[in-house]
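Below: coords.pdb (PDB, C-alpha atoms, pLDDT in the B column)
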```pdb
ATOM      1  CA  MET A   1      99.650  79.391 109.697  1.00 40.00           C
ATOM      2  CA  ASN A   2      96.142  79.666 108.320  1.00 42.00           C
ATOM      3  CA  ALA A   3      95.657  80.917 104.786  1.00 42.00           C
ATOM      4  CA  GLN A   4      94.501  84.519 104.551  1.00 46.00           C
ATOM      5  CA  PRO A   5      91.247  85.487 102.804  1.00 44.00           C
ATOM      6  CA  ALA A   6      91.585  86.071  99.068  1.00 48.00           C
ATOM      7  CA  SER A   7      91.079  89.800  99.565  1.00 65.00           C
ATOM      8  CA  ALA A   8      93.418  90.138 102.546  1.00 83.00           C
ATOM      9  CA  PRO A   9      95.230  93.467 102.386  1.00 93.00           C
ATOM     10  CA  LEU A  10      98.958  94.110 102.395  1.00 94.00           C
ATOM     11  CA  LEU A  11     100.488  96.594 104.826  1.00 96.00           C
ATOM     12  CA  ILE A  12     103.925  97.848 103.796  1.00 97.00           C
ATOM     13  CA  ALA A  13     105.622  99.751 106.606  1.00 97.00           C
ATOM     14  CA  CYS A  14     108.577 102.114 106.316  1.00 97.00           C
ATOM     15  CA  ALA A  15     109.918 104.839 108.586  1.00 96.00           C
ATOM     16  CA  LEU A  16     111.304 107.754 106.597  1.00 92.00           C
ATOM     17  CA  GLY A  17     109.722 110.200 104.203  1.00 92.00           C
ATOM     18  CA  ILE A  18     112.350 109.390 101.578  1.00 90.00           C
ATOM     19  CA  GLU A  19     111.488 105.661 101.856  1.00 93.00           C
ATOM     20  CA  HIS A  20     107.778 106.411 101.577  1.00 93.00           C
ATOM     21  CA  LEU A  21     108.445 108.545  98.500  1.00 92.00           C
ATOM     22  CA  ALA A  22     110.421 105.758  96.817  1.00 91.00           C
ATOM     23  CA  LEU A  23     107.638 103.249  97.424  1.00 92.00           C
ATOM     24  CA  ARG A  24     104.908 105.565  96.210  1.00 88.00           C
ATOM     25  CA  MET A  25     106.895 106.336  93.056  1.00 87.00           C
ATOM     26  CA  GLY A  26     107.212 102.624  92.369  1.00 77.00           C
ATOM     27  CA  ASP A  27     103.577 101.716  93.007  1.00 68.00           C
ATOM     28  CA  ARG A  28     102.023 100.492  89.757  1.00 63.00           C
ATOM     29  CA  GLY A  29      99.451  98.190  91.313  1.00 62.00           C
ATOM     30  CA  GLY A  30      99.346  94.418  91.026  1.00 59.00           C
ATOM     31  CA  ALA A  31      99.013  93.210  94.600  1.00 60.00           C
ATOM     32  CA  GLY A  32      96.750  90.343  95.580  1.00 56.00           C
ATOM     33  CA  GLY A  33      94.536  92.682  97.590  1.00 66.00           C
ATOM     34  CA  PRO A  34      94.360  96.297  98.806  1.00 87.00           C
ATOM     35  CA  VAL A  35      97.716  97.856  99.661  1.00 91.00           C
ATOM     36  CA  THR A  36      98.503 100.399 102.370  1.00 93.00           C
ATOM     37  CA  VAL A  37     101.930 102.029 102.564  1.00 94.00           C
ATOM     38  CA  LEU A  38     102.437 103.255 106.121  1.00 96.00           C
ATOM     39  CA  ARG A  39     105.075 105.730 107.221  1.00 97.00           C
ATOM     40  CA  THR A  40     105.625 104.856 110.876  1.00 97.00           C
ATOM     41  CA  GLY A  41     108.203 107.443 111.840  1.00 96.00           C
ATOM     42  CA  MET A  42     111.725 106.679 112.987  1.00 95.00           C
ATOM     43  CA  GLY A  43     112.610 104.265 115.739  1.00 95.00           C
ATOM     44  CA  PRO A  44     111.151 101.113 117.294  1.00 96.00           C
ATOM     45  CA  LYS A  45     108.685 102.895 119.556  1.00 97.00           C
ATOM     46  CA  ALA A  46     107.209 104.875 116.669  1.00 97.00           C
ATOM     47  CA  ALA A  47     106.959 101.700 114.584  1.00 97.00           C
ATOM     48  CA  GLU A  48     105.236  99.816 117.388  1.00 97.00           C
ATOM     49  CA  ARG A  49     102.701 102.599 117.962  1.00 97.00           C
ATOM     50  CA  SER A  50     101.899 103.090 114.284  1.00 97.00           C
ATOM     51  CA  VAL A  51     101.588  99.423 113.353  1.00 97.00           C
ATOM     52  CA  THR A  52      99.508  98.567 116.433  1.00 97.00           C
ATOM     53  CA  ARG A  53      97.164 101.475 115.735  1.00 96.00           C
ATOM     54  CA  VAL A  54      96.699 100.649 112.047  1.00 96.00           C
ATOM     55  CA  LEU A  55      96.122  96.930 112.614  1.00 96.00           C
ATOM     56  CA  ALA A  56      93.421  97.734 115.178  1.00 95.00           C
ATOM     57  CA  ASP A  57      91.306  98.940 112.243  1.00 93.00           C
ATOM     58  CA  PRO A  58      89.052  96.022 111.178  1.00 92.00           C
ATOM     59  CA  VAL A  59      89.772  96.847 107.526  1.00 89.00           C
ATOM     60  CA  LEU A  60      93.454  96.025 108.052  1.00 91.00           C
ATOM     61  CA  GLY A  61      93.073  93.568 110.895  1.00 85.00           C
ATOM     62  CA  GLY A  62      94.009  90.555 108.770  1.00 89.00           C
ATOM     63  CA  ALA A  63      96.686  92.250 106.682  1.00 94.00           C
ATOM     64  CA  ALA A  64      99.936  90.611 105.706  1.00 96.00           C
ATOM     65  CA  VAL A  65     102.750  92.890 106.891  1.00 97.00           C
ATOM     66  CA  LEU A  66     106.031  93.634 105.168  1.00 98.00           C
ATOM     67  CA  ALA A  67     108.614  95.961 106.726  1.00 98.00           C
ATOM     68  CA  THR A  68     110.919  97.742 104.315  1.00 98.00           C
ATOM     69  CA  GLY A  69     113.173 100.742 103.821  1.00 96.00           C
ATOM     70  CA  PHE A  70     116.884 101.306 104.229  1.00 94.00           C
ATOM     71  CA  CYS A  71     119.288  99.509 106.541  1.00 93.00           C
ATOM     72  CA  ALA A  72     122.917  99.367 107.553  1.00 91.00           C
ATOM     73  CA  GLY A  73     124.806  96.365 106.263  1.00 91.00           C
ATOM     74  CA  LEU A  74     127.022  94.649 108.812  1.00 92.00           C
ATOM     75  CA  ALA A  75     129.168  92.340 106.693  1.00 88.00           C
ATOM     76  CA  PRO A  76     132.321  93.434 104.863  1.00 85.00           C
ATOM     77  CA  GLY A  77     131.758  93.604 101.126  1.00 86.00           C
ATOM     78  CA  MET A  78     128.192  94.880 101.317  1.00 90.00           C
ATOM     79  CA  HIS A  79     127.416  97.874  99.121  1.00 87.00           C
ATOM     80  CA  PRO A  80     124.692 100.520  98.934  1.00 88.00           C
ATOM     81  CA  GLY A  81     121.883  99.129  96.798  1.00 90.00           C
ATOM     82  CA  ASP A  82     122.323  95.536  97.985  1.00 94.00           C
ATOM     83  CA  LEU A  83     119.120  93.882  99.210  1.00 96.00           C
ATOM     84  CA  VAL A  84     118.561  92.142 102.527  1.00 97.00           C
ATOM     85  CA  VAL A  85     115.769  89.590 102.897  1.00 98.00           C
ATOM     86  CA  ALA A  86     115.326  88.801 106.564  1.00 98.00           C
ATOM     87  CA  GLU A  87     114.976  85.176 107.576  1.00 98.00           C
ATOM     88  CA  GLU A  88     113.950  86.544 110.958  1.00 98.00           C
ATOM     89  CA  THR A  89     113.876  89.852 112.769  1.00 98.00           C
ATOM     90  CA  ARG A  90     115.188  90.137 116.286  1.00 96.00           C
ATOM     91  CA  ASP A  91     115.591  92.648 119.082  1.00 93.00           C
ATOM     92  CA  PRO A  92     115.613  92.450 122.892  1.00 92.00           C
ATOM     93  CA  LEU A  93     111.813  92.055 122.937  1.00 91.00           C
ATOM     94  CA  GLY A  94     111.682  89.004 120.697  1.00 94.00           C
ATOM     95  CA  THR A  95     112.429  87.153 117.472  1.00 96.00           C
ATOM     96  CA  VAL A  96     109.932  86.826 114.618  1.00 98.00           C
ATOM     97  CA  PRO A  97     110.430  84.318 111.775  1.00 98.00           C
ATOM     98  CA  CYS A  98     109.624  85.596 108.295  1.00 98.00           C
ATOM     99  CA  VAL A  99     107.370  83.802 105.794  1.00 95.00           C
ATOM    100  CA  ASN A 100     108.225  82.679 102.245  1.00 94.00           C
ATOM    101  CA  THR A 101     111.668  84.255 102.182  1.00 96.00           C
ATOM    102  CA  ASP A 102     112.763  81.995  99.315  1.00 96.00           C
ATOM    103  CA  LEU A 103     110.039  83.450  97.125  1.00 95.00           C
ATOM    104  CA  LEU A 104     111.061  86.990  98.011  1.00 96.00           C
ATOM    105  CA  VAL A 105     114.669  86.255  97.072  1.00 97.00           C
ATOM    106  CA  LYS A 106     113.607  84.683  93.773  1.00 96.00           C
ATOM    107  CA  GLU A 107     111.336  87.586  92.857  1.00 96.00           C
ATOM    108  CA  LEU A 108     113.860  90.247  93.836  1.00 97.00           C
ATOM    109  CA  VAL A 109     116.540  88.581  91.723  1.00 96.00           C
ATOM    110  CA  ARG A 110     114.103  88.474  88.816  1.00 95.00           C
ATOM    111  CA  THR A 111     112.892  92.042  89.308  1.00 94.00           C
ATOM    112  CA  LEU A 112     116.329  93.543  89.923  1.00 94.00           C
ATOM    113  CA  PRO A 113     118.843  91.484  87.922  1.00 94.00           C
ATOM    114  CA  GLY A 114     122.412  92.143  88.904  1.00 92.00           C
ATOM    115  CA  ARG A 115     121.592  93.255  92.452  1.00 94.00           C
ATOM    116  CA  THR A 116     123.075  91.230  95.282  1.00 95.00           C
ATOM    117  CA  VAL A 117     120.503  89.752  97.666  1.00 97.00           C
ATOM    118  CA  HIS A 118     121.647  88.772 101.162  1.00 96.00           C
ATOM    119  CA  THR A 119     119.628  86.563 103.502  1.00 96.00           C
ATOM    120  CA  GLY A 120     119.937  86.135 107.235  1.00 96.00           C
ATOM    121  CA  PRO A 121     118.812  87.621 110.533  1.00 97.00           C
ATOM    122  CA  LEU A 122     117.935  91.321 110.599  1.00 97.00           C
ATOM    123  CA  THR A 123     118.528  92.894 113.980  1.00 96.00           C
ATOM    124  CA  GLY A 124     116.874  95.919 115.519  1.00 94.00           C
ATOM    125  CA  SER A 125     118.454  98.913 117.231  1.00 91.00           C
ATOM    126  CA  ASP A 126     117.103 102.032 118.915  1.00 87.00           C
ATOM    127  CA  HIS A 127     119.881 104.188 117.454  1.00 86.00           C
ATOM    128  CA  VAL A 128     121.977 104.576 114.308  1.00 81.00           C
ATOM    129  CA  VAL A 129     124.733 101.958 114.344  1.00 80.00           C
ATOM    130  CA  ARG A 130     128.243 103.057 113.437  1.00 75.00           C
ATOM    131  CA  GLY A 131     131.846 101.945 113.582  1.00 73.00           C
ATOM    132  CA  PRO A 132     132.846  99.089 115.890  1.00 77.00           C
ATOM    133  CA  GLU A 133     129.257  98.405 116.912  1.00 82.00           C
ATOM    134  CA  ARG A 134     128.730  96.867 113.479  1.00 82.00           C
ATOM    135  CA  SER A 135     131.280  94.167 114.287  1.00 82.00           C
ATOM    136  CA  ASP A 136     129.578  93.427 117.605  1.00 86.00           C
ATOM    137  CA  LEU A 137     126.224  92.930 115.886  1.00 89.00           C
ATOM    138  CA  LEU A 138     127.770  90.884 113.081  1.00 86.00           C
ATOM    139  CA  ALA A 139     129.185  88.545 115.732  1.00 88.00           C
ATOM    140  CA  THR A 140     125.621  87.752 116.836  1.00 90.00           C
ATOM    141  CA  GLY A 141     124.927  86.336 113.358  1.00 92.00           C
ATOM    142  CA  ALA A 142     122.940  89.304 112.071  1.00 95.00           C
ATOM    143  CA  ILE A 143     123.725  90.545 108.565  1.00 95.00           C
ATOM    144  CA  ALA A 144     122.042  93.959 108.765  1.00 95.00           C
ATOM    145  CA  VAL A 145     120.475  96.362 111.243  1.00 95.00           C
ATOM    146  CA  ASP A 146     117.689  98.916 111.186  1.00 95.00           C
ATOM    147  CA  MET A 147     115.518 100.617 113.775  1.00 95.00           C
ATOM    148  CA  GLU A 148     111.996  99.574 112.817  1.00 97.00           C
ATOM    149  CA  SER A 149     111.695  96.122 111.204  1.00 98.00           C
ATOM    150  CA  ALA A 150     111.854  94.063 114.411  1.00 97.00           C
ATOM    151  CA  ALA A 151     109.344  96.296 116.191  1.00 97.00           C
ATOM    152  CA  THR A 152     107.074  96.309 113.138  1.00 98.00           C
ATOM    153  CA  LEU A 153     106.913  92.524 112.791  1.00 98.00           C
ATOM    154  CA  LEU A 154     106.653  91.878 116.530  1.00 98.00           C
ATOM    155  CA  SER A 155     103.747  94.324 116.757  1.00 97.00           C
ATOM    156  CA  ALA A 156     102.150  92.702 113.712  1.00 97.00           C
ATOM    157  CA  VAL A 157     102.189  89.150 115.071  1.00 97.00           C
ATOM    158  CA  ARG A 158     101.053  90.310 118.498  1.00 96.00           C
ATOM    159  CA  ALA A 159      98.008  91.851 116.818  1.00 95.00           C
ATOM    160  CA  GLY A 160      97.061  88.526 115.214  1.00 93.00           C
ATOM    161  CA  THR A 161      98.267  85.567 113.157  1.00 92.00           C
ATOM    162  CA  ARG A 162      99.432  86.787 109.740  1.00 95.00           C
ATOM    163  CA  PRO A 163     102.252  86.404 107.172  1.00 96.00           C
ATOM    164  CA  VAL A 164     105.135  88.785 107.851  1.00 97.00           C
ATOM    165  CA  ALA A 165     108.401  89.595 106.107  1.00 98.00           C
ATOM    166  CA  ALA A 166     111.108  92.226 106.007  1.00 98.00           C
ATOM    167  CA  VAL A 167     113.126  93.401 103.010  1.00 98.00           C
ATOM    168  CA  ARG A 168     115.653  96.185 103.382  1.00 97.00           C
ATOM    169  CA  VAL A 169     117.976  98.014 101.005  1.00 95.00           C
ATOM    170  CA  VAL A 170     121.520  98.647 102.193  1.00 92.00           C
ATOM    171  CA  VAL A 171     122.144 102.379 102.284  1.00 88.00           C
ATOM    172  CA  ASP A 172     125.427 102.224 104.157  1.00 83.00           C
ATOM    173  CA  ALA A 173     127.906  99.483 104.957  1.00 75.00           C
ATOM    174  CA  PRO A 174     131.223  99.066 106.775  1.00 67.00           C
ATOM    175  CA  GLU A 175     133.199 100.521 103.853  1.00 60.00           C
ATOM    176  CA  HIS A 176     130.473 102.993 102.831  1.00 59.00           C
ATOM    177  CA  GLU A 177     129.232 104.782 105.948  1.00 60.00           C
ATOM    178  CA  LEU A 178     126.885 107.725 105.471  1.00 58.00           C
ATOM    179  CA  VAL A 179     127.467 110.934 107.343  1.00 50.00           C
ATOM    180  CA  ARG A 180     123.929 111.057 108.754  1.00 47.00           C
ATOM    181  CA  ILE A 181     120.720 109.062 108.631  1.00 46.00           C
ATOM    182  CA  GLY A 182     118.355 109.932 105.809  1.00 44.00           C
ATOM    183  CA  THR A 183     120.950 111.523 103.567  1.00 48.00           C
ATOM    184  CA  VAL A 184     120.498 110.778  99.879  1.00 50.00           C
ATOM    185  CA  ARG A 185     124.037 111.507  98.751  1.00 49.00           C
ATOM    186  CA  GLY A 186     125.804 108.172  98.491  1.00 51.00           C
ATOM    187  CA  GLY A 187     122.428 106.464  98.745  1.00 66.00           C
ATOM    188  CA  ILE A 188     121.000 107.236  95.312  1.00 78.00           C
ATOM    189  CA  SER A 189     121.374 103.617  94.257  1.00 80.00           C
ATOM    190  CA  ALA A 190     119.529 102.495  97.397  1.00 86.00           C
ATOM    191  CA  PHE A 191     116.667 104.869  96.616  1.00 88.00           C
ATOM    192  CA  ARG A 192     116.397 103.552  93.067  1.00 89.00           C
ATOM    193  CA  VAL A 193     116.363  99.963  94.290  1.00 92.00           C
ATOM    194  CA  LEU A 194     113.666 100.666  96.872  1.00 91.00           C
ATOM    195  CA  ARG A 195     111.614 102.333  94.148  1.00 91.00           C
ATOM    196  CA  SER A 196     111.727  99.046  92.179  1.00 93.00           C
ATOM    197  CA  VAL A 197     110.942  96.391  94.797  1.00 95.00           C
ATOM    198  CA  LEU A 198     107.139  96.477  94.824  1.00 95.00           C
ATOM    199  CA  PRO A 199     106.557  93.843  92.091  1.00 94.00           C
ATOM    200  CA  ALA A 200     108.432  91.341  94.256  1.00 95.00           C
ATOM    201  CA  PHE A 201     106.405  92.352  97.309  1.00 95.00           C
ATOM    202  CA  PHE A 202     103.155  91.937  95.390  1.00 94.00           C
ATOM    203  CA  GLU A 203     104.143  88.457  94.174  1.00 94.00           C
ATOM    204  CA  TRP A 204     104.962  87.491  97.777  1.00 95.00           C
ATOM    205  CA  HIS A 205     101.564  88.828  98.832  1.00 94.00           C
ATOM    206  CA  ARG A 206      99.707  86.876  96.162  1.00 91.00           C
ATOM    207  CA  ASN A 207     101.539  83.714  97.160  1.00 90.00           C
ATOM    208  CA  VAL A 208     100.794  83.962 100.889  1.00 88.00           C
ATOM    209  CA  LEU A 209      97.113  84.374 100.041  1.00 77.00           C
ATOM    210  CA  LEU A 210      96.969  80.998  98.285  1.00 68.00           C
ATOM    211  CA  PRO A 211      95.246  78.197 100.208  1.00 58.00           C
ATOM    212  CA  ARG A 212      97.642  75.679 101.675  1.00 51.00           C
ATOM    213  CA  ARG A 213      97.223  72.123 100.420  1.00 41.00           C
TER
END
```
How does the structure come out when it is put into C-alpha cells?
Amino acid sequence: MNAQPASAPLLIACALGIEHLALRMGDRGGAGGPVTVLRTGMGPKAAERSVTRVLADPVLGGAAVLATGFCAGLAPGMHPGDLVVAEETRDPLGTVPCVNTDLLVKELVRTLPGRTVHTGPLTGSDHVVRGPERSDLLATGAIAVDMESAATLLSAVRAGTRPVAAVRVVVDAPEHELVRIGTVRGGISAFRVLRSVLPAFFEWHRNVLLPRR
C-alpha cells in the first residue's frame, strides 16, 4: 500500500446518532490531518451509500477510513464496554483486511487501561443478531457482528487504495443482550468507552501517514 500524503484526511464512520454523539463529545483534536465524523445511518446499504458519496468528494478522496460504533459480541465472556479491533471485516460481498491492527490494540490499551480488547474477524449482518444466531456466526470464526463495518470498508477500498480499520465497542453480548438496538440502558459503559477512543484512532492515523521505508 502506498503511503498517504502528509495531510491525508481521516474519515470516521458510524451509524447511530448516539454513536455520533459519543465521538463528537470525545473529539479534542490531535489527528494527523483533517477529520470527518460521518453518520451513515443504520444498515449495510446506508453505509455503502454514505461512504461512497463522501469519498467521491475530491477533498476526502484519499482519506483513511475507520469504521466504529457499537457491536454485538459473539463469544461467551464478552461484556459491554469491551473493545473489538477487527483483523478483517467480512460479509457476503467480500472480505477486507485491516491495516495496523497491532498499533490500534496497543493504543487502545494505553488509552483505556483495564478495558479488554479482542481481536479477530468482524462480520457484517443486515439485521440485529440475537440468540442462537450468535453461535452460528461464532462458528465461522468471527468474534463480533455489526451492520455497517463490512459495508463501510468494502465501499472505502472500492473507491480507492487507502488504509482502513474497524474498531467497535461491545454493547451487548451472549450473557448481556439488550432489549432493542440503540438503547442506552445497559450500554452506558459502551457509550463512555466510545467517547474515549479517539486518541487511539488519531495515533493510528498519524502512523499510517508515515512514509514506508
Per-residue nearest contacts of segment 83-181 of chain A to segment 67-75 of chain A (9 Å; all atoms listed in the file) as a Markdown table:
```
| residue | atom | partner | partner_atom | distance |
| --- | --- | --- | --- | --- |
| A:Val84 | CA | A:Gly73 | CA | 8.4 |
| A:Val128 | CA | A:Ala72 | CA | 8.6 |
| A:Val129 | CA | A:Ala72 | CA | 7.5 |
| A:Arg130 | CA | A:Ala72 | CA | 8.8 |
| A:Arg134 | CA | A:Leu74 | CA | 5.4 |
| A:Ser135 | CA | A:Leu74 | CA | 7.0 |
| A:Leu137 | CA | A:Leu74 | CA | 7.3 |
| A:Leu138 | CA | A:Leu74 | CA | 5.7 |
| A:Ala142 | CA | A:Leu74 | CA | 7.5 |
| A:Ile143 | CA | A:Leu74 | CA | 5.3 |
| A:Ala144 | CA | A:Gly73 | CA | 4.4 |
| A:Val145 | CA | A:Ala72 | CA | 5.3 |
| A:Asp146 | CA | A:Cys71 | CA | 4.9 |
| A:Met147 | CA | A:Cys71 | CA | 8.2 |
| A:Glu148 | CA | A:Ala67 | CA | 7.8 |
| A:Ser149 | CA | A:Ala67 | CA | 5.4 |
| A:Ala150 | CA | A:Ala67 | CA | 8.6 |
| A:Thr152 | CA | A:Ala67 | CA | 6.6 |
| A:Leu153 | CA | A:Ala67 | CA | 7.2 |
| A:Val164 | CA | A:Ala67 | CA | 8.1 |
| A:Ala165 | CA | A:Ala67 | CA | 6.4 |
| A:Ala166 | CA | A:Ala67 | CA | 4.5 |
| A:Val167 | CA | A:Thr68 | CA | 5.0 |
| A:Arg168 | CA | A:Thr68 | CA | 5.1 |
| A:Val169 | CA | A:Phe70 | CA | 4.7 |
| A:Val170 | CA | A:Cys71 | CA | 5.0 |
| A:Val171 | CA | A:Phe70 | CA | 5.7 |
| A:Asp172 | CA | A:Ala72 | CA | 5.1 |
| A:Ala173 | CA | A:Gly73 | CA | 4.6 |
| A:Pro174 | CA | A:Leu74 | CA | 6.4 |
| A:Glu177 | CA | A:Ala72 | CA | 8.5 |
```
Can you pull out every residue within 7 Å of Leu38 of chain A, counting all atoms listed in the file, but drop anything in the same chain fewer than 5 positions away, and send it as a list in words?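 Near Leu38 of chain A, the qualifying residues are Ile12, Ala13 and Cys14 of chain A.
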Atom CA of Ala15 of chain A to atom CA of Glu88 of chain A, distance in Å rounded to a single decimal: 18.9 Å
Rank nothing, just name the residue among A:Leu10, A:Ala151, A:Leu122, A:Leu198 nearest to Gly62 of chain A, using only C-alpha atoms. A:Leu10
Pick from A:Gly41, A:Gly160, A:Pro113, A:Gly120 nearest to Gly141 of chain A, counting only C-alpha atoms: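 Among the listed residues, A:Gly120 lies closest to Gly141 of chain A.
Counting only C-alpha atoms, the residue from A:Val193, A:Val65, A:Val157, A:Ala139 that sits nearest to Leu112 of chain A is A:Val193.
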Å distance separating atom CA of Pro121 of chain A from atom CA of Pro76 of chain A, one decimal place: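 Computing it gives 15.8 Å between the two atoms.
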Please evaluate the PyMOL selection byres ((chain A and resi 189) around 12) against the structure above and give the resulting residues as an MDAnalysis selection string. chainID A and resid 22 70 79:83 115 169:172 184:188 190:196
Result set, the PyMOL selection byres ((chain A and resi 163) around 8) on current file, as JSON, numbers by chain: {"A": [1, 64, 65, 98, 99, 161, 162, 164, 165, 208]}
Nearest residue to Leu93 of chain A out of A:Arg49, A:His127, A:Arg158, A:Arg39, using only C-alpha atoms?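 Between A:Arg49, A:His127, A:Arg158, A:Arg39, the residue approaching Leu93 of chain A most closely is A:Arg158.
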